[in-house]
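The data block below is work_20.cif; it holds mmCIF, C-alpha atoms.
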data_structure
loop_
_atom_site.label_atom_id
_atom_site.label_comp_id
_atom_site.auth_asym_id
_atom_site.auth_seq_id
_atom_site.Cartn_x
_atom_site.Cartn_y
_atom_site.Cartn_z
CA MET A 4 60.24 127.43 105.44
CA GLY A 5 57.13 129.46 106.37
CA GLU A 6 54.34 129.81 103.83
CA LYS A 7 54.63 133.61 103.72
CA PHE A 8 58.39 133.45 103.10
CA LYS A 9 57.83 130.83 100.40
CA GLY A 10 55.27 133.05 98.70
CA ASN A 11 57.61 136.05 98.83
CA VAL A 12 60.44 134.04 97.25
CA MET A 13 58.08 132.95 94.45
CA LEU A 14 57.08 136.55 93.76
CA LEU A 15 60.69 137.78 93.77
CA MET A 16 61.56 135.10 91.21
CA THR A 17 58.54 136.25 89.21
CA ALA A 18 59.86 139.83 89.16
CA MET A 19 63.31 138.70 88.00
CA ILE A 20 61.86 136.59 85.19
CA TRP A 21 59.45 139.29 84.05
CA GLY A 22 62.24 141.87 84.02
CA GLY A 23 64.20 139.70 81.60
CA GLY A 24 61.00 139.03 79.68
CA PHE A 25 60.88 142.62 78.40
CA VAL A 26 64.15 141.96 76.56
CA ALA A 27 62.76 138.76 75.01
CA GLN A 28 59.58 140.56 73.98
CA SER A 29 61.55 143.39 72.40
CA ALA A 30 63.88 140.98 70.55
CA GLY A 31 60.96 138.91 69.27
CA MET A 32 59.52 141.92 67.44
CA ASP A 33 62.43 141.70 64.98
CA TYR A 34 60.82 138.61 63.44
CA ILE A 35 57.08 138.42 64.10
CA GLY A 36 54.14 140.70 64.90
CA PRO A 37 53.04 141.45 68.48
CA PHE A 38 49.82 139.41 68.37
CA THR A 39 51.60 136.42 66.84
CA PHE A 40 54.19 136.66 69.59
CA CYS A 41 51.48 136.66 72.26
CA ALA A 42 49.60 133.72 70.73
CA ALA A 43 52.78 131.64 70.35
CA ARG A 44 53.95 132.29 73.92
CA TYR A 45 50.57 131.20 75.27
CA VAL A 46 50.75 127.90 73.39
CA LEU A 47 54.21 127.23 74.81
CA ALA A 48 53.00 128.14 78.30
CA MET A 49 50.04 125.76 78.02
CA ILE A 50 52.30 122.91 76.91
CA ALA A 51 54.78 123.59 79.70
CA LEU A 52 52.03 123.50 82.35
CA ILE A 53 50.46 120.16 81.35
CA PRO A 54 52.94 117.92 83.23
CA VAL A 55 52.92 120.36 86.15
CA ILE A 56 49.14 119.99 86.47
CA PHE A 57 49.30 116.20 86.45
CA PHE A 58 51.85 116.12 89.27
CA PHE A 59 51.29 119.23 91.39
CA SER A 60 47.67 120.39 91.03
CA VAL A 61 45.43 120.23 94.11
CA GLN A 62 43.57 117.16 92.81
CA ALA A 63 46.82 115.36 91.98
CA ARG A 64 48.15 115.97 95.49
CA LYS A 65 44.93 114.83 97.17
CA ASN A 66 44.49 111.71 95.05
CA PRO A 67 47.64 110.56 93.20
CA GLN A 68 45.69 107.60 91.76
CA ALA A 69 43.09 109.81 90.06
CA GLY A 70 42.56 109.44 86.31
CA LEU A 71 44.00 111.86 83.77
CA TRP A 72 40.75 113.77 83.26
CA GLU A 73 40.08 113.99 86.99
CA LYS A 74 43.52 115.48 87.52
CA PHE A 75 43.18 117.93 84.65
CA ALA A 76 39.52 119.05 84.86
CA PRO A 77 39.08 122.42 86.63
CA ASP A 78 36.36 123.04 89.21
CA LYS A 79 33.87 125.88 88.82
CA ALA A 80 35.90 128.53 90.68
CA THR A 81 39.05 127.63 88.74
CA LEU A 82 37.23 127.69 85.39
CA TRP A 83 35.62 131.09 85.97
CA GLY A 84 38.83 132.46 87.44
CA GLY A 85 40.77 131.30 84.39
CA LEU A 86 38.22 132.93 82.10
CA TYR A 87 38.40 136.34 83.75
CA CYS A 88 42.19 136.15 84.27
CA GLY A 89 42.65 135.12 80.64
CA LEU A 90 40.67 138.06 79.31
CA THR A 91 42.46 140.65 81.44
CA LEU A 92 45.86 139.08 80.77
CA GLY A 93 45.18 138.84 77.03
CA VAL A 94 44.32 142.53 76.76
CA ALA A 95 47.24 143.57 78.99
CA ASP A 96 49.80 141.51 77.07
CA ALA A 97 48.51 142.69 73.69
CA LEU A 98 48.80 146.34 74.72
CA GLN A 99 52.24 145.74 76.21
CA GLN A 100 53.55 143.84 73.20
CA VAL A 101 52.44 146.51 70.73
CA GLY A 102 53.73 149.25 73.04
CA ILE A 103 57.21 147.68 73.22
CA CYS A 104 57.45 148.12 69.44
CA TYR A 105 57.47 151.89 70.02
CA THR A 106 59.48 152.28 73.24
CA THR A 107 62.41 150.69 75.08
CA ALA A 108 62.30 147.62 77.29
CA GLY A 109 63.51 149.66 80.28
CA LYS A 110 60.85 152.34 79.96
CA ALA A 111 58.18 149.71 79.40
CA GLY A 112 59.22 148.02 82.64
CA PHE A 113 58.85 151.17 84.73
CA ILE A 114 55.56 152.26 83.16
CA THR A 115 54.12 148.78 83.63
CA ALA A 116 55.14 148.97 87.32
CA LEU A 117 52.52 151.69 87.81
CA TYR A 118 50.02 148.87 88.30
CA ILE A 119 51.37 148.68 91.86
CA ILE A 120 49.81 152.08 92.54
CA MET A 121 46.69 151.32 90.51
CA VAL A 122 45.88 148.18 92.53
CA PRO A 123 45.20 150.00 95.84
CA LEU A 124 43.35 152.75 93.96
CA MET A 125 41.03 150.14 92.47
CA GLU A 126 40.64 148.52 95.88
CA ARG A 127 39.56 151.92 97.22
CA ILE A 128 36.90 152.11 94.52
CA LEU A 129 35.71 148.69 95.68
CA GLY A 130 35.40 150.02 99.23
CA LYS A 131 38.68 148.93 100.81
CA ARG A 132 40.51 151.40 103.04
CA ILE A 133 43.91 152.50 101.68
CA PRO A 134 46.82 154.46 103.23
CA LYS A 135 46.52 158.26 103.06
CA VAL A 136 50.05 158.43 101.68
CA LEU A 137 48.75 156.93 98.43
CA ALA A 138 47.62 160.36 97.17
CA PHE A 139 51.20 161.62 97.50
CA CYS A 140 52.48 158.49 95.74
CA VAL A 141 50.09 159.04 92.84
CA LEU A 142 51.29 162.64 92.41
CA LEU A 143 54.92 161.51 92.61
CA ALA A 144 54.27 158.81 90.03
CA ILE A 145 52.63 161.34 87.70
CA VAL A 146 55.68 163.59 87.95
CA GLY A 147 57.95 160.60 87.30
CA PHE A 148 55.85 159.56 84.32
CA TYR A 149 56.18 163.12 82.97
CA PHE A 150 59.98 163.04 83.05
CA LEU A 151 60.08 159.48 81.74
CA CYS A 152 57.64 159.76 78.85
CA VAL A 153 56.61 163.34 77.97
CA ASN A 154 58.82 164.81 75.24
CA GLU A 155 59.70 168.41 74.41
CA GLU A 156 56.46 168.82 72.45
CA LEU A 157 54.52 167.98 75.65
CA SER A 158 53.12 164.79 74.14
CA VAL A 159 53.29 161.20 75.35
CA GLY A 160 54.77 158.65 72.98
CA PHE A 161 52.32 156.17 71.44
CA GLY A 162 54.17 153.20 72.86
CA ASP A 163 54.34 154.73 76.34
CA PHE A 164 50.58 155.36 76.29
CA LEU A 165 49.86 151.75 75.33
CA ILE A 166 52.10 150.49 78.14
CA LEU A 167 50.23 152.75 80.57
CA CYS A 168 46.94 151.21 79.42
CA CYS A 169 48.40 147.74 79.85
CA ALA A 170 49.26 148.62 83.47
CA VAL A 171 45.53 149.20 84.10
CA PHE A 172 44.69 145.70 82.89
CA PHE A 173 47.55 144.13 84.85
CA SER A 174 46.03 145.80 87.94
CA LEU A 175 42.70 144.15 87.17
CA HIS A 176 44.52 140.85 86.61
CA ILE A 177 46.04 140.97 90.12
CA LEU A 178 42.68 141.73 91.73
CA VAL A 179 40.95 138.94 89.79
CA ILE A 180 43.62 136.44 90.88
CA ASP A 181 43.24 137.51 94.50
CA HIS A 182 39.44 137.17 94.29
CA PHE A 183 39.42 133.64 92.89
CA MET A 184 42.30 132.36 95.02
CA LYS A 185 40.19 133.32 98.05
CA LYS A 186 37.51 131.06 96.56
CA ARG A 187 40.08 128.23 96.72
CA ALA A 188 40.62 127.95 92.98
CA ASP A 189 43.43 125.61 91.90
CA GLY A 190 46.29 128.00 91.07
CA ILE A 191 48.06 125.79 88.53
CA LYS A 192 44.89 124.86 86.64
CA LEU A 193 43.73 128.47 86.74
CA SER A 194 47.02 129.47 85.12
CA TRP A 195 46.49 126.93 82.31
CA VAL A 196 42.89 128.05 81.68
CA GLN A 197 43.93 131.71 81.57
CA PHE A 198 46.57 130.94 78.94
CA ALA A 199 44.01 129.05 76.87
CA VAL A 200 41.60 132.01 76.97
CA SER A 201 44.42 134.47 76.24
CA PHE A 202 45.51 132.31 73.28
CA ILE A 203 42.02 132.48 71.77
CA PHE A 204 42.01 136.27 72.22
CA ALA A 205 45.48 136.72 70.69
CA GLY A 206 44.74 134.16 67.97
CA VAL A 207 41.76 136.16 66.74
CA LEU A 208 43.86 139.36 66.64
CA THR A 209 46.62 137.49 64.78
CA ALA A 210 44.18 136.16 62.17
CA VAL A 211 42.72 139.62 61.58
CA PHE A 212 45.84 141.81 61.59
CA GLU A 213 48.94 139.68 60.90
CA THR A 214 50.40 137.05 58.58
CA VAL A 215 52.24 134.12 60.18
CA THR A 216 55.01 132.08 58.57
CA TRP A 217 56.92 129.14 60.04
CA GLU A 218 60.20 130.72 58.98
CA ASN A 219 59.55 133.83 61.07
CA LEU A 220 58.36 131.78 64.03
CA TRP A 221 61.52 129.69 63.90
CA ALA A 222 63.68 132.82 63.69
CA ALA A 223 61.99 134.10 66.87
CA ARG A 224 62.30 130.74 68.68
CA TYR A 225 64.65 131.87 71.47
CA PRO A 226 62.64 134.95 72.56
CA LEU A 227 59.47 132.85 72.26
CA LEU A 228 60.85 130.01 74.36
CA PHE A 229 61.84 132.43 77.12
CA ALA A 230 58.58 134.40 76.97
CA GLY A 231 56.38 131.32 76.59
CA ILE A 232 57.88 128.73 78.93
CA ILE A 233 59.77 130.84 81.48
CA SER A 234 58.12 134.27 81.50
CA SER A 235 54.56 132.96 80.99
CA GLY A 236 54.36 129.31 82.01
CA ILE A 237 56.65 129.51 85.03
CA ALA A 238 56.44 133.15 86.17
CA TYR A 239 52.66 133.61 85.95
CA THR A 240 52.18 130.33 87.81
CA LEU A 241 54.66 131.48 90.46
CA GLN A 242 52.65 134.70 90.72
CA ILE A 243 49.39 132.84 91.29
CA LEU A 244 50.91 130.46 93.83
CA GLY A 245 52.89 133.24 95.54
CA GLN A 246 49.81 135.45 95.94
CA LYS A 247 48.14 132.52 97.69
CA TYR A 248 50.65 132.69 100.56
CA THR A 249 51.19 136.43 101.00
CA ASP A 250 49.28 139.70 101.24
CA PRO A 251 48.35 141.43 97.93
CA THR A 252 50.19 144.58 99.05
CA ILE A 253 53.43 142.69 99.70
CA ALA A 254 52.90 140.81 96.44
CA THR A 255 52.71 144.01 94.40
CA LEU A 256 55.74 145.44 96.22
CA LEU A 257 57.89 142.44 95.31
CA MET A 258 56.62 142.35 91.74
CA SER A 259 57.43 146.06 91.37
CA LEU A 260 61.10 145.06 91.28
CA GLU A 261 60.31 143.84 87.76
CA SER A 262 60.96 147.40 86.55
CA VAL A 263 64.48 147.42 87.98
CA PHE A 264 65.31 144.04 86.46
CA ALA A 265 63.90 145.25 83.11
CA VAL A 266 66.26 148.23 83.00
CA LEU A 267 69.25 146.10 84.00
CA ALA A 268 68.40 143.47 81.37
CA GLY A 269 67.81 146.12 78.68
CA TRP A 270 71.19 147.68 79.43
CA ALA A 271 73.09 144.36 79.63
CA VAL A 272 71.51 142.59 76.63
CA LEU A 273 70.13 145.27 74.29
CA GLY A 274 72.55 148.08 75.13
CA GLU A 275 69.72 150.48 75.97
CA VAL A 276 70.80 153.76 77.56
CA MET A 277 68.45 156.25 79.20
CA SER A 278 68.88 160.01 79.30
CA GLY A 279 69.28 161.83 82.60
CA ARG A 280 65.66 163.03 82.37
CA GLU A 281 64.41 159.48 81.85
CA ILE A 282 66.52 158.14 84.73
CA LEU A 283 65.03 160.83 86.99
CA GLY A 284 61.54 159.77 85.90
CA CYS A 285 62.34 156.11 86.59
CA GLY A 286 63.61 157.01 90.05
CA LEU A 287 60.48 158.97 90.95
CA VAL A 288 58.18 156.23 89.69
CA PHE A 289 60.08 153.58 91.63
CA ILE A 290 60.04 155.65 94.85
CA ALA A 291 56.29 156.17 94.44
CA VAL A 292 55.79 152.46 93.87
CA LEU A 293 57.75 151.56 97.02
CA LEU A 294 56.10 154.19 99.22
CA ALA A 295 52.65 153.07 98.11
CA GLN A 296 53.28 149.64 99.59
CA LEU A 297 54.79 150.64 102.94
CA PRO A 298 52.43 150.75 105.95
CA LEU A 299 51.92 154.15 107.58
CA PRO A 300 53.69 153.25 110.89
CA VAL A 301 56.86 152.52 108.93
CA LEU A 302 56.66 155.83 107.07
CA ARG A 303 56.09 157.75 110.31
CA ARG A 304 59.17 156.18 111.87
#
As a first step, turn the structure in this file into structure tokens.
Amino acid sequence: MGEKFKGNVMLLMTAMIWGGGFVAQSAGMDYIGPFTFCAARYVLAMIALIPVIFFFSVQARKNPQAGLWEKFAPDKATLWGGLYCGLTLGVADALQQVGICYTTAGKAGFITALYIIMVPLMERILGKRIPKVLAFCVLLAIVGFYFLCVNEELSVGFGDFLILCCAVFFSLHILVIDHFMKKRADGIKLSWVQFAVSFIFAGVLTAVFETVTWENLWAARYPLLFAGIISSGIAYTLQILGQKYTDPTIATLLMSLESVFAVLAGWAVLGEVMSGREILGCGLVFIAVLLAQLPLPVLRR
């Protein structure tokens, strides 16, 4: 199996898991607050990654006889990468989790997918050349966002706006991962450090704004287990490892399928149904997302 194909498979699995994660996040809000949910899922993700680090981290592969601390301790690039990734991920997840309280899982999935268009826009700001078709994709995405989120009073729902803001921070998260993976950071350890930083961020918000009880945490155990171990611990690690083997553009294209899986999961599990206007908006956003990732020679053909 080639490395690029392996990376693409990892990112496709990431999209599938994240799509189902919107359902878990929505269901968890029936029992606990959004910041509590974020903090709890990070703890579960950190626990799930500990044995993975000991067996599959770069240091563990190079020297299986290394001591526990030697296997676990991150190098400088991994530590700084985890810090920056943790901050961007913490903000993005907090905005997304609060936003899901005010909108549907399906809509949240499609609005979040706008980060696929934001990534090349941010790369352009940083001086990287981007396809000319991106301007058309941005306009198409704006029209799709209008049909998806703007109501009859010409206002955007509060939850939809928060999800849009979270897409900005997910864009930054992707660029930060790409930057530090090029510095040869250890992907698995970086994932653990980012969850630790995100936990501190969410923990502070929980202490300030919410009250936590063990009864409510136990009632939300199934959504938390999915969001913490599978959606966070496994999927974010697959994202980091997958981005290591493939191009950032291809990575964002594959991860954009998260929005499709979110709608399917919301319909199958939560019984969510979109209006014709919202379906049209979803379609335009998804087309814009796909076109933004296709190279110009393909579009010309």
> Evaluating the PyMOL selection byres ((chain A and resi 19-35) around 9) on the displayed file yields which residues, as a PyMOL selection string?
Replying inline: chain A and resi 14-18+36-40+100+103-104+107-109+111-112+213-216+219-230+233-235+237-238+258+260-269+272-273
> If you measure from atom CA of A:Ser278 to atom CA of A:Leu142, what distance in Å do you get, rounded to one decimal?
Replying inline: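 Answer for the atom CA of A:Ser278 to atom CA of A:Leu142 separation: 22.1 Å.
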Hey, can you pull every residue with an atom no more than 9 Å from (49.9, 152.1, 74.4), using all atoms listed in the file, and send it as a tab-separated table (two decimals) with C-alpha atoms, keeping the file's coordinate frame?
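The result, stored in point_31.tsv:
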chain	number	residue	atom	x	y	z
A	98	LEU	CA	48.80	146.34	74.72
A	99	GLN	CA	52.24	145.74	76.21
A	101	VAL	CA	52.44	146.51	70.73
A	102	GLY	CA	53.73	149.25	73.04
A	103	ILE	CA	57.21	147.68	73.22
A	105	TYR	CA	57.47	151.89	70.02
A	160	GLY	CA	54.77	158.65	72.98
A	161	PHE	CA	52.32	156.17	71.44
A	162	GLY	CA	54.17	153.20	72.86
A	163	ASP	CA	54.34	154.73	76.34
A	164	PHE	CA	50.58	155.36	76.29
A	165	LEU	CA	49.86	151.75	75.33
A	166	ILE	CA	52.10	150.49	78.14
A	167	LEU	CA	50.23	152.75	80.57
A	168	CYS	CA	46.94	151.21	79.42
A	169	CYS	CA	48.40	147.74	79.85
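Of the listed residues A:Leu143, A:Ile53, A:Leu82, A:Leu92, the one whose atoms come nearest to A:Phe289 is A:Leu143, with distances taken using only C-alpha atoms.
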>> Rounded to one decimal, what separation in Å do you get between atom CA of A:Ile203 and atom CA of A:Leu47?
In response: 13.6 Å
> So which residues touch A:Thr81 within 10 Å, counting all atoms listed in the file, skipping near sequence neighbours fewer than 3 positions away, as a PyMOL selection string?
Replying inline: chain A and resi 76-78+84-86+183-184+186-197
Expected file: the selected residues, C-alpha atoms, as a compact mmCIF listing (two decimals), keeping the file's coordinate frame:
# COMPACT_ATOMS: atom_id res chain seq x y z
CA ALA A 76 39.52 119.05 84.86
CA PRO A 77 39.08 122.42 86.63
CA ASP A 78 36.36 123.04 89.21
CA GLY A 84 38.83 132.46 87.44
CA GLY A 85 40.77 131.30 84.39
CA LEU A 86 38.22 132.93 82.10
CA PHE A 183 39.42 133.64 92.89
CA MET A 184 42.30 132.36 95.02
CA LYS A 186 37.51 131.06 96.56
CA ARG A 187 40.08 128.23 96.72
CA ALA A 188 40.62 127.95 92.98
CA ASP A 189 43.43 125.61 91.90
CA GLY A 190 46.29 128.00 91.07
CA ILE A 191 48.06 125.79 88.53
CA LYS A 192 44.89 124.86 86.64
CA LEU A 193 43.73 128.47 86.74
CA SER A 194 47.02 129.47 85.12
CA TRP A 195 46.49 126.93 82.31
CA VAL A 196 42.89 128.05 81.68
CA GLN A 197 43.93 131.71 81.57
>> For this structure, which residues satisfy the selection - the PyMOL selection byres ((chain A and resi 152) around 9) - when it is evaluated on the file as given? I want them as a PyMOL selection string.
In response: chain A and resi 110+114+147-151+153-154+158-160+163-164+281+284
